[in-house]
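Participant: Questions regarding the structure given below will be posed in turn.
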Amino acid sequence: MATYNLKVNGKIRQVNVDPSTPMLWVLRDHLDMPGTKYGCGIAQCGACTVHLDGMAVRSCQLPVSVVGKQAITTIEGLSATGDHPVQKAWLEHDVAQCGYCQAGQIMSATSLLKTNPKPSDAEIDAAMSGNICRCGTYLRIKEAIHSAAKK
Amino acid sequence: MGVPASEVTTKAGVLSHASGKSAKYGEMASKAATLAVPKGMKLKAPNEFTVVRKSKKNVEGKKIVTGKPLFGLDYRTDGMLIAMIQHPPAFGMKLKSFDASQTLKMPGIKDVFSLKLYQDGFEQGGFDTRTFNDLLVVVGKTTWEVMNARKKLVAQWEPAGDTKDTMMGRGGKREVTVPGGLETTSTQLEKMQELARKPAQQLRKDGDPETAFKNAAQIIERTYNAPFLAHNCMEPMNFFAHVTDEKALLVGPLQAPGWVEPTLSKLLNLPADKIDIQMTRMGGGFGRRAYGQYLYEAALISKQAKAPVKLIYTREDDMTYGIYRPMYTATYRAALDANKNLIGFHVKGGGIPEHAIHANRFPAGAVDNYLAEGWEIPSNITIGAFRAPRSNFNAAAEQSFLDEVAEAMGKDPIEFRLELLKRAKENPVGKNNEYDADRYAGVLTLVRDKSGWNKPGNEKYHRGVAAYFCHNSYAAHVVDMVTRDGSPYVERVFSAMDCGIVVNPDAARNMVQGAVVDGIGNAFYGALTHKNGAAEQSNFHNYRIIRHNEAPQKIEVHFVENDIDPTGLGEPPFPPVFGAVANALYKTTGKRQYNQPFEPELEKRI
């Protein structure tokens, strides 16, 4: 066990956990932030995507011990009131079916738009292909990303 | 309200009277429930609808995009422990003994124990499918700790041998023998080929198919195969349980709580009114969450651990547990006379552990001489409903076969189907035909017109069509395929649906688009195979799910407009996607596809 002072959604949060614990489980089990989802545990589905200093990473493969001072942003901290342009675009296009993967999709999409404000279809495919949606909402996700890019 | 009922008007959930008195439906519901249902009431006409037929957005959309706890896996209470089950490494195995000493030394671990799901002779309900009966359970404080500690278990497994289930369900009480043994996919395929040659159970016969085939100028015979499929709901199976001697609280993702309550009541020896089952939002269902064994497991674990517990399946647990879509095969035969008229049709289907044949579905009713047969091979690999059960195979096999028959007859595939449907409507063969030929033809003509079938402007595409009826709705798709980076790619899809009144049009379009993507994915990649009883796929690195870059660029959805009562939409658009993809692949590659998934064979060819 070790103590870590983590910067999560702009606040310093202290946890006492085994150093190997992935951020996914630190967030869900220790910080009571279940917005970040468990889907596969091996970085194949993207449901657990968070931002590490603004970059999309799979939190199931991010041990708490390597986070250090880097800032973590989760779906709960993406915006104060759920009005991030990407979140609004998701609602405008009514993207979700079951909704389980969408937090991860949104975190990947916001990371993409930060580095590429006007992505093409092919660029969206390339950036988003690590995020599985079992309900098959891919077309709406793409439309929502294009909508958000215009704002 | 103390006013005559005949003077009360209703609007938007409110009862109003000219005097100014009003009440909401909710306030009146308890009282209304005590009245007899009035006879001869005239319902609101469809053209007066104010809510139905208007698109409404997902009521939980905001919570979903902001990560609020909605799902079973998100549920927690104070003092809640996490539990995981170590199930045997293969179907056909069971727990012999275990040593938990290393596990118990791991941080956060509270307890390790084994228990039985069902005692011998327990009367299981129709959806109480049991894959593994001896549960080896690890209980601890946090998910990561339990995951790691579980790896330290030293367990001995042994062959389960033949086992007996006592199933209640539809048709009353029956004893089912589940065979022992460790099954392997290649051996299963050989066994299926062997059974396919033997006499089978006759499911329907019209006219004289034997003579029709004897007199045929040409016989077309094709066999189609499809593997087990795992549901792979994005949220793995999980359930919260807090069971005490007095009562039980269960919270989690479940499709049908009414189906599990009687069994739970027997398992816990608690009356139903002491059992509270609360449903969370489901991270996907697809049929998997109709089977509540994970809820029973959670309840028994909580009772044993004397604590509130959340049972979590890892992705690997979820994918290798069973309750799959069955493994199917079907051989179709068509008899043509010298003038290339279809004079006989024969389907003989089998499966592990059940076949998929719907004997009274199209083209039954459209061919004078018709025979449908089925056979089954028992197995210890458990199966369950999977988005449009049985239809999800039939629509692939039958719709591919009809495409091939149309080609042999020199007919356009849509016109050929429309001719058969015309026959089925005007002069139907046999009885109990389960479909409405007009509505079936309706989706075909709609998709033909909307897709510009045989019209100029679509030369870029290799086009495949398929249509199917299931769950009381009708679906047709035209799939437009291209070759992209050397591989077939579905770039565009046109879909036509008849599900009666479309309640929520935009959500309905979303549902159909999702079904199309799901169908393309499972047709190309879906497969769960076994070696010596063990599932060969365990997570998304070796069970391929369709991804963003593989989804079509456009899926245009059209609905037949009518005032028929609404019917299913989650399932019906899914099955014919497989057939349309297969038919488009033929146009793209020049070769017919007979084995699912399609992608590995395409790779072999290149």
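Identifiers in the structure tokens: chain A, B, ... in order shown; residue index from 1 per chain; ligand index from 1 in order shown.
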Counting only C-alpha atoms, which residues of chain A come no farther than 8 Å from chain B, as JSON, numbers by chain?

Facilitator: {"A": [21, 22, 25, 28, 29, 34, 35, 36, 38, 39, 40, 41, 44, 45, 75, 76, 78, 82, 87, 90, 91, 94, 95, 96, 97, 98, 99, 100, 101, 102, 103, 106, 122, 125, 126, 128, 129, 130, 131, 132, 133, 134, 135, 136, 137, 138, 139]}

Participant: Skip B:His358 itself and residues of its chain fewer than 6 positions away, then list as a PDB file with all heavy atoms, in the first residue's frame all residues within 9 Å of it, counting only C-alpha atoms.

Facilitator:
ATOM      1  N   LEU B 203     -41.035 -31.126 -39.564  1.00  0.00           N
ATOM      2  CA  LEU B 203     -41.664 -29.967 -38.928  1.00  0.00           C
ATOM      3  C   LEU B 203     -42.846 -29.448 -39.742  1.00  0.00           C
ATOM      4  O   LEU B 203     -43.787 -28.902 -39.202  1.00  0.00           O
ATOM      5  CB  LEU B 203     -40.629 -28.848 -38.736  1.00  0.00           C
ATOM      6  CG  LEU B 203     -39.364 -29.238 -37.948  1.00  0.00           C
ATOM      7  CD1 LEU B 203     -38.314 -28.134 -38.025  1.00  0.00           C
ATOM      8  CD2 LEU B 203     -39.703 -29.526 -36.492  1.00  0.00           C
ATOM      9  N   ALA B 372     -39.867 -29.095 -44.280  1.00  0.00           N
ATOM     10  CA  ALA B 372     -38.943 -28.546 -43.275  1.00  0.00           C
ATOM     11  C   ALA B 372     -38.693 -29.613 -42.225  1.00  0.00           C
ATOM     12  O   ALA B 372     -39.622 -30.252 -41.741  1.00  0.00           O
ATOM     13  CB  ALA B 372     -39.530 -27.296 -42.625  1.00  0.00           C
ATOM     14  N   ARG B 390     -32.882 -17.669 -33.283  1.00  0.00           N
ATOM     15  CA  ARG B 390     -33.134 -18.519 -34.453  1.00  0.00           C
ATOM     16  C   ARG B 390     -33.180 -17.710 -35.755  1.00  0.00           C
ATOM     17  O   ARG B 390     -32.485 -18.037 -36.708  1.00  0.00           O
ATOM     18  CB  ARG B 390     -34.424 -19.344 -34.301  1.00  0.00           C
ATOM     19  CG  ARG B 390     -34.340 -20.342 -33.164  1.00  0.00           C
ATOM     20  CD  ARG B 390     -35.627 -21.125 -32.966  1.00  0.00           C
ATOM     21  NE  ARG B 390     -36.653 -20.327 -32.351  1.00  0.00           N
ATOM     22  CZ  ARG B 390     -36.696 -20.035 -31.047  1.00  0.00           C
ATOM     23  NH1 ARG B 390     -35.791 -20.491 -30.220  1.00  0.00           N
ATOM     24  NH2 ARG B 390     -37.655 -19.297 -30.560  1.00  0.00           N
ATOM     25  N   SER B 391     -33.971 -16.631 -35.756  1.00  0.00           N
ATOM     26  CA  SER B 391     -34.049 -15.814 -36.964  1.00  0.00           C
ATOM     27  C   SER B 391     -32.669 -15.298 -37.358  1.00  0.00           C
ATOM     28  O   SER B 391     -32.375 -15.124 -38.545  1.00  0.00           O
ATOM     29  CB  SER B 391     -34.984 -14.623 -36.732  1.00  0.00           C
ATOM     30  OG  SER B 391     -36.269 -15.087 -36.386  1.00  0.00           O
ATOM     31  N   ASN B 394     -31.417 -18.070 -39.523  1.00  0.00           N
ATOM     32  CA  ASN B 394     -32.264 -18.355 -40.689  1.00  0.00           C
ATOM     33  C   ASN B 394     -32.152 -17.289 -41.757  1.00  0.00           C
ATOM     34  O   ASN B 394     -32.067 -17.585 -42.948  1.00  0.00           O
ATOM     35  CB  ASN B 394     -33.736 -18.435 -40.270  1.00  0.00           C
ATOM     36  CG  ASN B 394     -34.027 -19.704 -39.517  1.00  0.00           C
ATOM     37  OD1 ASN B 394     -33.362 -20.711 -39.716  1.00  0.00           O
ATOM     38  ND2 ASN B 394     -34.990 -19.659 -38.632  1.00  0.00           N
TER      39      ASN B 394
END

Participant: Taking only C-alpha atoms into account, name the residue in A:Val64, A:Leu52, A:Ala43, A:Ala71 that is nearest to A:His30.

Facilitator: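 Using only C-alpha atoms, A:His30 sits closest to A:Val64.
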
Participant: Interatomic distance between atom CA of B:Thr244 and atom CA of B:Ile109?

Facilitator: 21.3 Å

Participant: Figure out the distance between atom CA of B:Phe401 and atom CA of B:Arg333, please, to one decimal in Å.

Facilitator: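 Pair atom CA of B:Arg333 / atom CA of B:Phe401 returns 8.6 Å.
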
Participant: Which residues of stretch 69-147 of chain A sit at most 7 Å from stretch 53-56 of chain A, using only C-alpha atoms? Give each one's shortest atom pair and distance in Å (one decimal place), in chain and ascending residue order, as a Markdown table.

Facilitator:
| residue | atom | partner | partner_atom | distance |
| --- | --- | --- | --- | --- |
| A:Gln70 | CA | A:Asp53 | CA | 5.6 |
| A:Ala71 | CA | A:Asp53 | CA | 5.0 |
| A:Ile72 | CA | A:Asp53 | CA | 6.4 |
| A:Met107 | CA | A:Ala56 | CA | 6.6 |
| A:Ser108 | CA | A:Ala56 | CA | 5.7 |
| A:Ser111 | CA | A:Ala56 | CA | 5.7 |

Participant: Include N, CA, C and O atoms and write out the residues we just selected as a compact mmCIF listing (two decimals), in the first residue's frame.

Facilitator:
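After the write, result.txt holds the following:
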# COMPACT_ATOMS: atom_id res chain seq x y z
N GLN A 70 0.62 14.39 -12.98
CA GLN A 70 -0.20 14.60 -14.18
C GLN A 70 -1.68 14.72 -13.81
O GLN A 70 -2.18 14.00 -12.94
N ALA A 71 -2.36 15.61 -14.50
CA ALA A 71 -3.77 15.87 -14.19
C ALA A 71 -4.66 14.84 -14.86
O ALA A 71 -4.53 14.56 -16.06
N ILE A 72 -5.58 14.29 -14.08
CA ILE A 72 -6.55 13.34 -14.62
C ILE A 72 -7.90 14.04 -14.76
O ILE A 72 -8.37 14.71 -13.84
N MET A 107 -14.82 10.98 -24.04
CA MET A 107 -13.46 11.35 -23.63
C MET A 107 -12.48 11.21 -24.80
O MET A 107 -11.59 12.04 -24.98
N SER A 108 -12.66 10.18 -25.63
CA SER A 108 -11.79 10.03 -26.82
C SER A 108 -12.07 11.16 -27.81
O SER A 108 -11.15 11.71 -28.41
N SER A 111 -10.63 14.55 -26.70
CA SER A 111 -9.18 14.53 -26.86
C SER A 111 -8.81 14.73 -28.34
O SER A 111 -7.90 15.50 -28.67

Participant: Could you tell me how far atom CA of B:Phe386 lies from atom CA of B:Phe228, in Å and to one decimal?

Facilitator: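 If I compute the distance from atom CA of B:Phe386 to atom CA of B:Phe228, I get 10.3 Å.
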
Participant: As a VMD selection string, please: the residues near A:Ser59 (cut-off 8 Å, only C-alpha atoms, same-chain neighbours under 4 positions excluded).

Facilitator: chain A and resid 22 to 24 48 to 50 63

Participant: Just write the chosen residues, N, CA and C atoms, as a PDB file, in the first residue's frame.

Facilitator:
ATOM      1  N   PRO A  22      -4.927  -0.059 -11.066  1.00  0.00           N
ATOM      2  CA  PRO A  22      -5.199   0.818 -12.214  1.00  0.00           C
ATOM      3  C   PRO A  22      -6.067   2.011 -11.811  1.00  0.00           C
ATOM      4  N   MET A  23      -5.855   3.134 -12.470  1.00  0.00           N
ATOM      5  CA  MET A  23      -6.651   4.338 -12.185  1.00  0.00           C
ATOM      6  C   MET A  23      -8.142   4.050 -12.298  1.00  0.00           C
ATOM      7  N   LEU A  24      -8.518   3.148 -13.237  1.00  0.00           N
ATOM      8  CA  LEU A  24      -9.935   2.790 -13.381  1.00  0.00           C
ATOM      9  C   LEU A  24     -10.550   2.427 -12.033  1.00  0.00           C
ATOM     10  N   CYS A  48     -13.054   2.822 -20.526  1.00  0.00           N
ATOM     11  CA  CYS A  48     -12.439   3.425 -19.336  1.00  0.00           C
ATOM     12  C   CYS A  48     -11.619   4.671 -19.664  1.00  0.00           C
ATOM     13  N   THR A  49     -11.817   5.250 -20.866  1.00  0.00           N
ATOM     14  CA  THR A  49     -10.963   6.351 -21.316  1.00  0.00           C
ATOM     15  C   THR A  49     -11.090   7.583 -20.408  1.00  0.00           C
ATOM     16  N   VAL A  50      -9.935   8.102 -19.982  1.00  0.00           N
ATOM     17  CA  VAL A  50      -9.857   9.376 -19.250  1.00  0.00           C
ATOM     18  C   VAL A  50      -8.779  10.223 -19.926  1.00  0.00           C
ATOM     19  N   PRO A  63      -1.460   2.297 -14.119  1.00  0.00           N
ATOM     20  CA  PRO A  63      -1.301   2.078 -12.675  1.00  0.00           C
ATOM     21  C   PRO A  63      -1.209   3.419 -11.955  1.00  0.00           C
TER      22      PRO A  63
END

Participant: Please report, as a list of chain:residue names, each residue of stretch 14-149 of chain A to which DSSP assigns strand (DSSP E) when run on this structure's backbone.

Facilitator: A:Gln14, A:Val15, A:Asn16, A:Val17, A:Thr49, A:Val50, A:His51, A:Leu52, A:Met55, A:Ala56, A:Val57, A:Arg58, A:Ala71, A:Ile72, A:Thr73

Participant: List every residue of stretch 388-562 of chain B that DSSP, applied to the backbone, labels as helix (DSSP H, G or I), and write the result as a VMD selection string.

Facilitator: chain B and resid 391 to 408 413 to 426 437 to 451 505 to 525 548 to 550

Participant: With only C-alpha atoms as the atoms that count, which of B:Leu153, B:Leu35, B:Ala290, B:Leu254 lies nearest to B:His87?

Facilitator: B:Leu153

Participant: Residues at most 10 Å from B:Lys191, counting only C-alpha atoms, excluding those fewer than 6 positions away in the same chain, as a PyMOL selection string?

Facilitator: chain B and resi 185+352+377

Participant: Nearest residue to A:Ala127 out of A:Met33, A:Arg58, A:Glu92, A:Leu113, using only C-alpha atoms?

Facilitator: A:Leu113

Participant: In terms of the shortest atom-to-atom distance over only C-alpha atoms, which of B:Leu444, B:Leu418, B:Val490, B:Ile220 is closest to B:Val347?

Facilitator: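 Looking only at the distances to B:Val347, the closest residue turns out to be B:Ile220.
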
Participant: Please list as a list in words every residue within 7 Å of stretch 248-253 of chain B, counting only C-alpha atoms and excluding residues in the same chain fewer than 6 positions away.

Facilitator: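 Contacts, with the query itself left out: Gly72, Asn238, Phe239, Phe240, Ala241, His242, Lys274, Ile275, Asp276, Ile277, Gln278, Met279, Thr280, Arg281 and Met282 of chain B.
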
Participant: Fewer than 2 positions away in the same chain doesn't count, so skip those; otherwise give me all residues within 12 Å of B:Ile564, counting only C-alpha atoms, as a list in words.

Facilitator: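 My list of contacting residues is Ala45, Pro46, Arg439, Asn472, Ser473, Asp498, Cys499, Gly500, Ile501, Val502, Val503, Val560, Glu561, Asn562, Pro566 and Thr567 of chain B.
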
Participant: Using only C-alpha atoms, find the one residue out of A:Ala89, A:Leu31, A:Val57, A:Met1 that sits nearest to A:Ala144.

Facilitator: A:Ala89

Participant: Between B:Leu602, B:Asn341, B:Thr329, B:Glu261, single out the one closest to B:Gly590, counting only C-alpha atoms.

Facilitator: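 When distances to B:Gly590 are compared using only C-alpha atoms, the smallest one comes from B:Leu602.
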
Participant: Show which residues sit within 9 Å of B:Tyr594, as a short mmCIF file (atom, residue, chain, number, x, y, z; two decimals) with N, CA, C and O atoms, in the first residue's frame. Count only C-alpha atoms, and ignore same-chain residues fewer than 3 positions away.

Facilitator:
data_model
loop_
_atom_site.label_atom_id
_atom_site.label_comp_id
_atom_site.auth_asym_id
_atom_site.auth_seq_id
_atom_site.Cartn_x
_atom_site.Cartn_y
_atom_site.Cartn_z
N ARG B 222 -27.40 -26.34 -50.91
CA ARG B 222 -26.33 -25.59 -50.24
C ARG B 222 -26.45 -25.75 -48.73
O ARG B 222 -27.55 -25.75 -48.19
N THR B 223 -25.31 -25.81 -48.05
CA THR B 223 -25.28 -25.93 -46.59
C THR B 223 -24.62 -24.70 -45.98
O THR B 223 -23.59 -24.25 -46.47
N TYR B 224 -25.23 -24.20 -44.93
CA TYR B 224 -24.76 -22.99 -44.25
C TYR B 224 -24.43 -23.31 -42.79
O TYR B 224 -25.15 -24.08 -42.15
N ASN B 225 -23.36 -22.74 -42.28
CA ASN B 225 -22.94 -22.98 -40.90
C ASN B 225 -22.70 -21.67 -40.17
O ASN B 225 -22.24 -20.70 -40.78
N ALA B 226 -22.99 -21.69 -38.88
CA ALA B 226 -22.71 -20.50 -38.06
C ALA B 226 -22.30 -20.93 -36.66
O ALA B 226 -22.81 -21.92 -36.14
N ALA B 397 -28.94 -17.76 -43.74
CA ALA B 397 -28.89 -18.94 -44.60
C ALA B 397 -29.94 -18.86 -45.70
O ALA B 397 -29.63 -18.93 -46.90
N SER B 400 -29.53 -16.00 -48.25
CA SER B 400 -28.42 -16.26 -49.18
C SER B 400 -28.87 -17.28 -50.22
O SER B 400 -28.56 -17.16 -51.40
N ALA B 582 -23.97 -11.27 -47.07
CA ALA B 582 -23.51 -12.45 -47.81
C ALA B 582 -23.74 -12.27 -49.31
O ALA B 582 -22.87 -12.58 -50.14
N PHE B 598 -17.67 -14.48 -41.87
CA PHE B 598 -17.18 -14.42 -43.25
C PHE B 598 -15.71 -14.02 -43.36
O PHE B 598 -15.01 -14.44 -44.27
#
